[in-house]
$ cat entry_25.cif   # mmCIF, C-alpha atoms (C1' of nucleotides)
data_start
loop_
_atom_site.label_atom_id
_atom_site.label_comp_id
_atom_site.auth_asym_id
_atom_site.auth_seq_id
_atom_site.Cartn_x
_atom_site.Cartn_y
_atom_site.Cartn_z
CA MET C 1016 57.55 100.92 114.51
CA GLU C 1017 59.22 103.52 116.62
CA LYS C 1018 58.18 101.41 119.53
CA LYS C 1019 59.58 98.25 118.04
CA CYS C 1020 62.94 99.90 117.52
CA GLU C 1021 63.04 101.05 121.07
CA LYS C 1022 62.06 97.65 122.32
CA HIS C 1023 64.97 96.23 120.36
CA SER C 1024 67.28 98.84 121.70
CA ARG C 1025 66.33 98.02 125.23
CA GLU C 1026 67.00 94.35 124.66
CA PHE C 1027 70.26 95.05 122.93
CA ARG C 1028 71.33 97.35 125.70
CA GLN C 1029 70.81 94.56 128.20
CA GLN C 1030 72.60 92.00 126.11
CA LEU C 1031 75.57 94.28 125.62
CA ARG C 1032 75.84 95.06 129.29
CA HIS C 1033 75.49 91.39 130.11
CA LYS C 1034 78.44 90.63 127.85
CA GLY C 1035 80.56 93.37 129.33
CA LEU C 1036 80.35 95.60 126.28
CA LYS C 1037 79.36 99.21 126.57
CA ALA C 1038 76.02 100.04 125.02
CA THR C 1039 77.23 102.81 122.77
CA LYS C 1040 75.07 104.64 120.30
CA GLY C 1041 77.10 103.14 117.48
CA ARG C 1042 76.62 99.58 118.64
CA LEU C 1043 72.91 100.00 119.18
CA GLY C 1044 72.65 101.48 115.73
CA ILE C 1045 74.48 98.53 114.23
CA LEU C 1046 72.33 96.02 116.04
CA ASN C 1047 69.17 97.81 115.00
CA ILE C 1048 70.19 97.71 111.37
CA PHE C 1049 70.72 93.98 111.65
CA ALA C 1050 67.43 93.56 113.48
CA ARG C 1051 65.57 95.42 110.78
CA GLU C 1052 67.14 93.47 107.93
CA ALA C 1053 67.34 89.76 108.61
CA LYS C 1054 69.96 89.13 105.96
CA PRO C 1055 73.73 88.94 106.04
CA LEU C 1056 75.34 92.32 105.48
CA SER C 1057 78.93 93.16 104.65
CA ILE C 1058 80.66 96.00 106.45
CA LYS C 1059 80.18 98.17 103.41
CA GLN C 1060 76.48 97.38 103.21
CA LEU C 1061 76.14 98.04 106.90
CA GLN C 1062 77.88 101.35 106.43
CA ASN C 1063 75.55 102.32 103.61
CA ARG C 1064 72.52 101.51 105.75
CA ILE C 1065 73.83 103.51 108.68
CA GLY C 1066 74.82 106.50 106.63
CA PRO C 1067 77.63 109.02 107.02
CA SER C 1068 76.63 110.07 110.52
CA GLY C 1069 77.33 106.56 111.80
CA PRO C 1070 80.52 105.12 113.24
CA ASP C 1071 83.81 105.23 111.42
CA THR C 1072 84.77 102.29 109.20
CA ALA C 1073 87.40 101.11 111.66
CA THR C 1074 84.82 101.16 114.41
CA LEU C 1075 82.43 99.13 112.31
CA TYR C 1076 85.10 96.50 111.80
CA ARG C 1077 85.99 96.50 115.47
CA ASN C 1078 82.37 96.21 116.50
CA ALA C 1079 81.57 93.50 114.00
CA GLU C 1080 84.40 91.57 115.57
CA SER C 1081 83.57 92.20 119.20
CA LEU C 1082 79.86 91.62 118.72
CA THR C 1083 80.67 88.38 116.95
CA ALA C 1084 83.10 87.35 119.67
CA GLU C 1085 80.37 87.89 122.27
CA GLY C 1086 77.82 86.02 120.23
CA LEU C 1087 75.48 88.87 119.33
CA LEU C 1088 76.36 88.56 115.65
CA VAL C 1089 77.46 85.64 113.53
CA LYS C 1090 79.94 85.84 110.72
CA VAL C 1091 78.67 84.43 107.46
CA ASN C 1092 80.74 83.12 104.63
CA LEU C 1093 79.10 83.91 101.33
CA GLY C 1094 82.05 83.28 99.09
CA GLY C 1095 82.63 86.89 98.14
CA LYS C 1096 85.85 88.61 99.03
CA ASN C 1097 84.43 90.31 102.08
CA SER C 1098 82.83 88.87 105.19
CA SER C 1099 79.21 89.35 106.10
CA TYR C 1100 77.44 89.29 109.41
CA GLU C 1101 73.95 88.81 110.68
CA LEU C 1102 72.12 88.93 113.97
CA ALA C 1103 72.70 85.87 116.11
CA GLY C 1104 69.98 84.29 118.14
CA ARG C 1105 67.74 83.49 115.24
CA ALA C 1106 67.07 79.80 114.61
CA HIS C 1107 70.06 78.09 113.05
CA HIS C 1108 69.78 78.44 109.32
CA HIS C 1109 71.79 78.57 106.14
CA HIS C 1110 71.58 80.64 102.96
CA LEU C 1111 70.88 80.16 99.31
CA ILE C 1112 72.53 82.78 97.13
CA CYS C 1113 71.55 83.58 93.56
CA LYS C 1114 74.68 83.40 91.44
CA ASN C 1115 73.28 86.05 89.17
CA CYS C 1116 71.69 88.76 91.30
CA ARG C 1117 73.15 87.82 94.71
CA LYS C 1118 69.71 87.61 96.27
CA ILE C 1119 69.84 85.66 99.52
CA SER C 1120 67.16 83.39 100.96
CA ASP C 1121 67.19 81.58 104.24
CA VAL C 1122 67.36 77.81 104.16
CA THR C 1123 66.74 75.25 106.86
CA ILE C 1124 68.12 71.75 106.69
CA SER C 1125 66.49 69.05 108.75
CA ILE C 1126 69.38 66.60 108.61
CA ARG C 1127 71.78 69.19 109.87
CA PRO C 1128 72.55 67.69 113.30
CA ALA C 1129 74.03 64.63 111.68
CA LEU C 1130 76.54 66.64 109.70
CA ASN C 1131 79.04 67.48 112.43
CA LEU C 1132 79.00 63.90 113.60
CA GLN C 1133 79.66 62.55 110.15
CA ALA C 1134 82.47 65.01 109.69
CA LEU C 1135 84.10 63.98 112.93
CA LYS C 1136 83.92 60.30 112.05
CA SER C 1137 85.35 61.01 108.66
CA ALA C 1138 88.48 62.79 109.90
CA LYS C 1139 90.40 60.53 112.25
CA ASP C 1140 92.94 63.13 113.32
CA PHE C 1141 90.37 65.48 114.78
CA ALA C 1142 89.09 65.49 118.34
CA ALA C 1143 86.02 67.69 117.96
CA VAL C 1144 83.77 69.36 115.43
CA THR C 1145 82.29 72.50 116.86
CA GLY C 1146 80.44 73.95 113.92
CA HIS C 1147 80.17 74.33 110.21
CA SER C 1148 79.49 76.76 107.43
CA LEU C 1149 76.96 75.65 104.86
CA GLU C 1150 75.84 77.93 102.08
CA PHE C 1151 74.02 77.07 98.87
CA PHE C 1152 74.35 78.58 95.43
CA GLY C 1153 71.85 78.59 92.62
CA PHE C 1154 69.46 80.79 90.68
CA CYS C 1155 66.39 82.59 91.91
CA LYS C 1156 63.20 82.47 89.91
CA LYS C 1157 63.81 85.86 88.35
CA CYS C 1158 67.27 84.92 87.18
CA GLN C 1159 66.65 81.44 85.80
CA ASN C 1160 67.37 81.64 82.09
CA MET N 641 108.70 60.97 91.25
CA GLU N 642 110.14 62.86 88.38
CA LYS N 643 108.06 60.58 86.21
CA LYS N 644 104.88 61.22 88.17
CA CYS N 645 105.32 64.93 87.74
CA GLU N 646 105.79 64.57 84.06
CA LYS N 647 102.77 62.33 83.77
CA HIS N 648 100.76 65.00 85.51
CA SER N 649 102.15 67.64 83.27
CA ARG N 650 101.15 65.70 80.20
CA GLU N 651 97.61 65.32 81.48
CA PHE N 652 97.41 68.94 82.49
CA ARG N 653 98.71 70.00 79.12
CA GLN N 654 95.90 68.12 77.44
CA GLN N 655 93.25 69.45 79.77
CA LEU N 656 94.42 73.00 79.26
CA ARG N 657 94.42 72.68 75.51
CA HIS N 658 91.00 71.07 75.62
CA LYS N 659 89.68 74.06 77.52
CA GLY N 660 91.24 76.51 75.14
CA LEU N 661 93.88 77.68 77.57
CA LYS N 662 97.52 77.80 76.60
CA ALA N 663 99.70 75.30 78.40
CA THR N 664 102.20 77.76 79.74
CA LYS N 665 105.05 76.88 82.02
CA GLY N 666 103.45 78.94 84.76
CA ARG N 667 100.12 77.15 84.57
CA LEU N 668 101.69 73.73 84.53
CA GLY N 669 103.73 74.71 87.54
CA ILE N 670 100.64 75.84 89.38
CA LEU N 671 98.74 72.67 88.57
CA ASN N 672 101.69 70.53 89.64
CA ILE N 673 101.83 72.26 93.00
CA PHE N 674 98.16 71.54 93.52
CA ALA N 675 98.61 67.96 92.36
CA ARG N 676 101.43 67.42 94.82
CA GLU N 677 99.55 68.92 97.76
CA ALA N 678 95.96 67.77 97.96
CA LYS N 679 94.90 70.62 100.22
CA PRO N 680 93.39 74.03 99.60
CA LEU N 681 96.02 76.69 99.11
CA SER N 682 95.68 80.45 99.14
CA ILE N 683 97.39 82.52 96.49
CA LYS N 684 100.06 83.44 98.97
CA GLN N 685 100.67 79.81 99.94
CA LEU N 686 100.80 78.87 96.30
CA GLN N 687 103.32 81.60 95.72
CA ASN N 688 105.49 80.38 98.57
CA ARG N 689 105.45 76.85 97.19
CA ILE N 690 106.34 78.01 93.71
CA GLY N 691 109.09 80.33 94.85
CA PRO N 692 110.39 83.58 93.44
CA SER N 693 111.16 82.17 90.01
CA GLY N 694 107.46 81.45 89.46
CA PRO N 695 104.79 83.65 87.91
CA ASP N 696 104.03 87.13 89.11
CA THR N 697 101.34 87.63 91.76
CA ALA N 698 98.96 89.14 89.24
CA THR N 699 99.45 86.13 87.00
CA LEU N 700 98.72 83.78 89.87
CA TYR N 701 95.46 85.56 90.54
CA ARG N 702 94.56 85.55 86.87
CA ASN N 703 95.36 81.89 86.53
CA ALA N 704 93.54 80.87 89.67
CA GLU N 705 90.53 82.55 88.15
CA SER N 706 90.81 81.15 84.65
CA LEU N 707 91.64 77.66 85.83
CA THR N 708 88.65 77.80 88.16
CA ALA N 709 86.40 79.11 85.40
CA GLU N 710 87.41 76.19 83.21
CA GLY N 711 86.92 73.70 85.99
CA LEU N 712 90.52 72.62 86.56
CA LEU N 713 90.53 74.16 90.03
CA VAL N 714 87.81 74.75 92.57
CA LYS N 715 87.58 77.74 94.82
CA VAL N 716 87.27 76.88 98.47
CA ASN N 717 85.81 79.03 101.17
CA LEU N 718 87.61 78.52 104.44
CA GLY N 719 86.38 81.56 106.24
CA GLY N 720 89.67 83.42 106.22
CA LYS N 721 89.97 86.73 104.45
CA ASN N 722 91.52 85.23 101.35
CA SER N 723 90.27 82.60 98.95
CA SER N 724 91.84 79.20 98.56
CA TYR N 725 91.86 76.79 95.68
CA GLU N 726 92.44 73.13 95.13
CA LEU N 727 92.64 70.75 92.24
CA ALA N 728 89.26 69.84 90.79
CA GLY N 729 88.45 66.36 89.64
CA ARG N 730 88.98 64.73 92.97
CA ALA N 731 85.93 63.11 94.55
CA HIS N 732 83.55 65.67 95.98
CA HIS N 733 84.60 66.37 99.53
CA HIS N 734 84.54 68.98 102.24
CA HIS N 735 87.03 70.17 104.83
CA LEU N 736 87.43 70.21 108.56
CA ILE N 737 89.61 73.07 109.76
CA CYS N 738 91.28 73.22 113.16
CA LYS N 739 90.35 76.54 114.74
CA ASN N 740 93.66 76.59 116.53
CA CYS N 741 96.37 75.50 114.10
CA ARG N 742 94.43 75.77 110.85
CA LYS N 743 95.19 72.18 109.93
CA ILE N 744 92.82 70.93 107.25
CA SER N 745 91.46 67.42 106.82
CA ASP N 746 89.24 66.12 104.10
CA VAL N 747 85.73 65.10 105.03
CA THR N 748 83.15 63.12 103.12
CA ILE N 749 79.47 63.32 103.89
CA SER N 750 77.22 60.50 102.79
CA ILE N 751 73.96 62.43 103.04
CA ARG N 752 75.32 65.15 100.83
CA PRO N 753 73.08 64.58 97.77
CA ALA N 754 69.99 65.35 99.82
CA LEU N 755 71.28 68.75 100.84
CA ASN N 756 70.73 70.68 97.62
CA LEU N 757 67.26 69.26 97.31
CA GLN N 758 66.34 70.24 100.84
CA ALA N 759 67.68 73.71 100.24
CA LEU N 760 65.62 74.14 97.10
CA LYS N 761 62.44 73.00 98.81
CA SER N 762 63.13 75.33 101.67
CA ALA N 763 63.45 78.49 99.55
CA LYS N 764 60.31 78.99 97.50
CA ASP N 765 61.62 81.90 95.46
CA PHE N 766 64.49 79.95 93.94
CA ALA N 767 64.39 77.93 90.75
CA ALA N 768 67.55 75.89 91.10
CA VAL N 769 70.31 74.95 93.52
CA THR N 770 73.50 74.23 91.66
CA GLY N 771 75.96 73.67 94.46
CA HIS N 772 77.01 74.40 97.97
CA SER N 773 79.94 75.19 100.18
CA LEU N 774 80.22 73.11 103.32
CA GLU N 775 83.18 73.44 105.64
CA PHE N 776 83.54 72.23 109.19
CA PHE N 777 85.38 73.80 112.09
CA GLY N 778 86.73 72.15 115.19
CA PHE N 779 89.93 71.06 116.91
CA CYS N 780 92.47 68.53 115.80
CA LYS N 781 93.82 65.99 118.26
CA LYS N 782 96.99 67.98 118.85
CA CYS N 783 95.09 71.14 119.68
CA GLN N 784 92.33 69.79 121.89
CA ASN N 785 92.83 71.39 125.28
"C1'" DA W 790 79.84 114.98 139.74
"C1'" DT W 791 83.89 112.34 139.13
"C1'" DC W 792 86.74 108.68 137.64
"C1'" DT W 793 88.40 105.06 134.61
"C1'" DA W 794 88.49 101.50 131.44
"C1'" DA W 795 86.54 100.84 127.13
"C1'" DA W 796 85.30 102.76 122.77
"C1'" DT W 797 85.79 106.00 119.01
"C1'" DG W 798 87.68 108.87 115.17
"C1'" DC W 799 91.17 109.77 112.25
"C1'" DG W 800 95.02 108.95 109.53
"C1'" DA W 801 98.26 105.92 108.15
"C1'" DA W 802 99.78 101.14 107.42
"C1'" DT W 803 98.88 96.50 105.80
"C1'" DT W 804 97.04 93.07 103.12
"C1'" DA W 805 94.33 91.37 99.26
"C1'" DT W 806 93.10 91.80 94.68
"C1'" DT W 807 92.61 94.07 90.11
"C1'" DT W 808 93.87 96.67 86.05
"C1'" DG W 809 96.40 98.75 81.93
"C1'" DC W 810 99.69 98.15 78.78
"C1'" DA W 811 103.89 96.83 76.42
"C1'" DA W 812 106.68 92.73 75.86
"C1'" DA W 813 106.90 87.75 75.58
"C1'" DT W 814 105.26 83.25 74.03
"C1'" DA W 815 102.29 79.13 72.87
"C1'" DT W 816 99.98 77.39 69.12
"C1'" DA W 817 98.00 77.39 64.37
"C1'" DT W 818 99.50 78.24 59.78
"C1'" DT W 819 102.44 78.39 56.05
"C1'" DA L 768 111.35 75.75 60.50
"C1'" DA L 769 109.74 80.51 60.12
"C1'" DT L 770 105.73 83.43 60.67
"C1'" DA L 771 101.45 85.28 62.28
"C1'" DT L 772 98.31 86.20 65.99
"C1'" DA L 773 95.68 85.87 69.89
"C1'" DT L 774 96.84 84.80 74.68
"C1'" DT L 775 99.47 85.32 78.42
"C1'" DT L 776 102.81 87.48 81.26
"C1'" DG L 777 105.45 90.95 84.08
"C1'" DC L 778 105.59 95.15 86.03
"C1'" DA L 779 103.95 99.07 88.16
"C1'" DA L 780 100.27 101.37 89.72
"C1'" DA L 781 95.28 101.46 91.23
"C1'" DT L 782 91.70 99.90 94.09
"C1'" DA L 783 89.56 97.37 97.81
"C1'" DA L 784 89.49 95.32 102.28
"C1'" DT L 785 91.08 95.34 106.77
"C1'" DT L 786 93.97 96.66 110.71
"C1'" DC L 787 96.71 99.62 113.78
"C1'" DG L 788 98.41 103.50 116.79
"C1'" DC L 789 97.24 107.01 119.47
"C1'" DA L 790 94.93 111.06 121.25
"C1'" DT L 791 90.25 112.09 122.53
"C1'" DT L 792 85.68 110.93 123.99
"C1'" DT L 793 82.18 108.54 126.56
"C1'" DA L 794 79.39 104.85 129.16
"C1'" DG L 795 78.87 103.13 133.41
"C1'" DA L 796 80.72 102.54 138.12
"C1'" DT L 797 81.62 105.08 142.41
#
$ encode --input "entry_25.cif" --output "structure tokens"
Amino acid sequence: MEKKCEKHSREFRQQLRHKGLKATKGRLGILNIFAREAKPLSIKQLQNRIGPSGPDTATLYRNAESLTAEGLLVKVNLGGKNSSYELAGRAHHHHLICKNCRKISDVTISIRPALNLQALKSAKDFAAVTGHSLEFFGFCKKCQN
Amino acid sequence: MEKKCEKHSREFRQQLRHKGLKATKGRLGILNIFAREAKPLSIKQLQNRIGPSGPDTATLYRNAESLTAEGLLVKVNLGGKNSSYELAGRAHHHHLICKNCRKISDVTISIRPALNLQALKSAKDFAAVTGHSLEFFGFCKKCQN
DNA sequence: ATCTAAATGCGAATTATTTGCAAATATATT
DNA sequence: AATATATTTGCAAATAATTCGCATTTAGAT
């Protein structure tokens, strides 16, 4: 497990350098957290995982932004009042959120490629559809009542 | 146009009463704004439309919440850092947002009914999928460059 | 080892949203 | 129409979420 972390770190270090971002301790820490937990995390959650020795809140925000801009993270839109992020590079997927306990499961949608096309056809004043945000809401088995 | 507004107001008044909410001047004003402008509006945008004589900010937030809870408004998730709302009761639709100028167009997706089902099948630890949020991003014709 | 642009910490500033409470008011009741 | 009462509102202040400015530090190039 120590090894796995280091393997990740090495990869992350390369990716960061490749994108022109410095491979700081803080950034590697952030990326490792996301690698360990394949779920969207808010800045606050990220901060809790990293602990008080980690980067300052402002730095976390700045890094979430720069890492997202460079495509190492993706911003996820879970409907709460704060943004969440997760590691990019995983297969394209969506989320299903329990409206009661906020548990999140990954979801894959086979008909997904057709969506952007349909959207573009449906809005005549648009020239391109570059992406979408699709999140599902419901109840997990524990919370069905 | 005066008449249309008043017709709306009468309907809204009934709906509010039916839901057990008082038909206050503020609420009718809010609903009329949303009726006039069939686009998602943030609290701040709503406030600008209503002007300084309208309800207090706190009241706008409270009403957005209560009207959403009772199903007269729907909360929309456009990825910004603040929530938007629009009038419920219109045909189910999604939005396409221009990443440059933030223009919003309505979008309808024919394969939509299949989505929730696919999501449920895809997440084995969930008992039900009750809804989803689907928004598209791209560039409008004016902003394609 | 040195240099430099990029990144960080810290505190303060914004922005977004919520809360407590007294005053106002929409409706049901008389 | 006047009254009673539970809801709603305004206001001010609290909290949460995010951003900014700037002096200091540091990763990576030389």
$ closest_residue --input "entry_25.cif" --among "N:Gly719, N:Gly666, N:Pro695, N:Glu726" --to "chain C" --atoms "all atoms listed in the file"
N:Gly719
$ resolve_selection --input "entry_25.cif" --expression "the PyMOL selection byres ((chain L and resi 771-781) around 8)" --output "PyMOL selection string"
(chain N and resi 662+695-696+699) or (chain W and resi 807-808+813-814+818) or (chain L and resi 770+782)
$ residues_around --input "entry_25.cif" --residues "N:Leu757" --least-positions-apart "2" --cutoff "12 Å" --atoms "only C-alpha atoms (C1' of nucleotides)" --output "ChimeraX atom specification"
/C:1111,1122-1126,1151-1153 /N:751-755,759-764,766-772
$ resolve_selection --input "entry_25.cif" --expression "the PyMOL selection byres ((chain N) within 8 of (chain W))" --output "VMD selection string"
chain N and resid 662 to 664 701 722
$ write_last_selection --input "entry_25.cif" --atoms "C-alpha atoms" --output "compact mmCIF listing (two decimals), in the coordinates of the input"
# COMPACT_ATOMS: atom_id res chain seq x y z
CA LYS N 662 97.52 77.80 76.60
CA ALA N 663 99.70 75.30 78.40
CA THR N 664 102.20 77.76 79.74
CA TYR N 701 95.46 85.56 90.54
CA ASN N 722 91.52 85.23 101.35
$ residues_around --input "entry_25.cif" --residues "C:Ile1048" --least-positions-apart "6" --cutoff "12 Å" --atoms "only C-alpha atoms (C1' of nucleotides)" --output "list in words"
Cys1020, His1023, Ser1024, Phe1027, Gly1041, Arg1042, Lys1054, Pro1055, Leu1056, Ser1057, Ile1058, Gln1060, Leu1061, Gln1062, Asn1063, Arg1064, Ile1065, Gly1066, Gly1069, Leu1088, Tyr1100, Glu1101 and Leu1102 of chain C
$ write_last_selection --input "entry_25.cif" --atoms "C-alpha atoms" --output "mmCIF file, in the coordinates of the input"
data_model
loop_
_atom_site.group_PDB
_atom_site.id
_atom_site.type_symbol
_atom_site.label_atom_id
_atom_site.label_comp_id
_atom_site.auth_asym_id
_atom_site.auth_seq_id
_atom_site.Cartn_x
_atom_site.Cartn_y
_atom_site.Cartn_z
ATOM 1 C CA CYS C 1020 62.940 99.900 117.520
ATOM 2 C CA HIS C 1023 64.970 96.230 120.360
ATOM 3 C CA SER C 1024 67.280 98.840 121.700
ATOM 4 C CA PHE C 1027 70.260 95.050 122.930
ATOM 5 C CA GLY C 1041 77.100 103.140 117.480
ATOM 6 C CA ARG C 1042 76.620 99.580 118.640
ATOM 7 C CA LYS C 1054 69.960 89.130 105.960
ATOM 8 C CA PRO C 1055 73.730 88.940 106.040
ATOM 9 C CA LEU C 1056 75.340 92.320 105.480
ATOM 10 C CA SER C 1057 78.930 93.160 104.650
ATOM 11 C CA ILE C 1058 80.660 96.000 106.450
ATOM 12 C CA GLN C 1060 76.480 97.380 103.210
ATOM 13 C CA LEU C 1061 76.140 98.040 106.900
ATOM 14 C CA GLN C 1062 77.880 101.350 106.430
ATOM 15 C CA ASN C 1063 75.550 102.320 103.610
ATOM 16 C CA ARG C 1064 72.520 101.510 105.750
ATOM 17 C CA ILE C 1065 73.830 103.510 108.680
ATOM 18 C CA GLY C 1066 74.820 106.500 106.630
ATOM 19 C CA GLY C 1069 77.330 106.560 111.800
ATOM 20 C CA LEU C 1088 76.360 88.560 115.650
ATOM 21 C CA TYR C 1100 77.440 89.290 109.410
ATOM 22 C CA GLU C 1101 73.950 88.810 110.680
ATOM 23 C CA LEU C 1102 72.120 88.930 113.970
#
$ atom_distance --input "entry_25.cif" --atom1 "atom C1' of L:DT797" --atom2 "atom CA of C:Gly1035"
17.6 Å
$ atom_distance --input "entry_25.cif" --atom1 "atom CA of N:Phe674" --atom2 "atom CA of N:Cys783"
26.3 Å
$ closest_residue --input "entry_25.cif" --among "C:Thr1072, C:Ser1148, C:Asn1078, C:Asn1160" --to "C:Ile1045" --atoms "only C-alpha atoms"
C:Asn1078
$ closest_residue --input "entry_25.cif" --among "N:Leu700, N:Lys781, N:Lys743, N:Asn756" --to "chain L" --atoms "all atoms listed in the file"
N:Leu700
$ atom_distance --input "entry_25.cif" --atom1 "atom CA of N:Gly720" --atom2 "atom CA of C:Ser1098"
8.8 Å
$ axis_aligned_box --input "entry_25.cif" --around "stretch 803-816 of chain W" --padding-each-side "5 Å" --output "lines of an AutoDock Vina configuration file"
center_x = 99.8
center_y = 88.1
center_z = 87.5
size_x = 24.3
size_y = 31.4
size_z = 46.7
$ resolve_selection --input "entry_25.cif" --expression "the PyMOL selection byres ((chain L) within 12 of (chain C))" --output "ChimeraX atom specification"
/L:783-787,792-795
$ closest_residue --input "entry_25.cif" --among "C:Leu1046, C:Ala1084, C:Leu1149, C:Cys1155" --to "N:His734" --atoms "only C-alpha atoms"
C:Leu1149
$ closest_residue --input "entry_25.cif" --among "C:Leu1087, C:Cys1113, C:Leu1043, C:Ala1053" --to "chain N" --atoms "only C-alpha atoms"
C:Cys1113
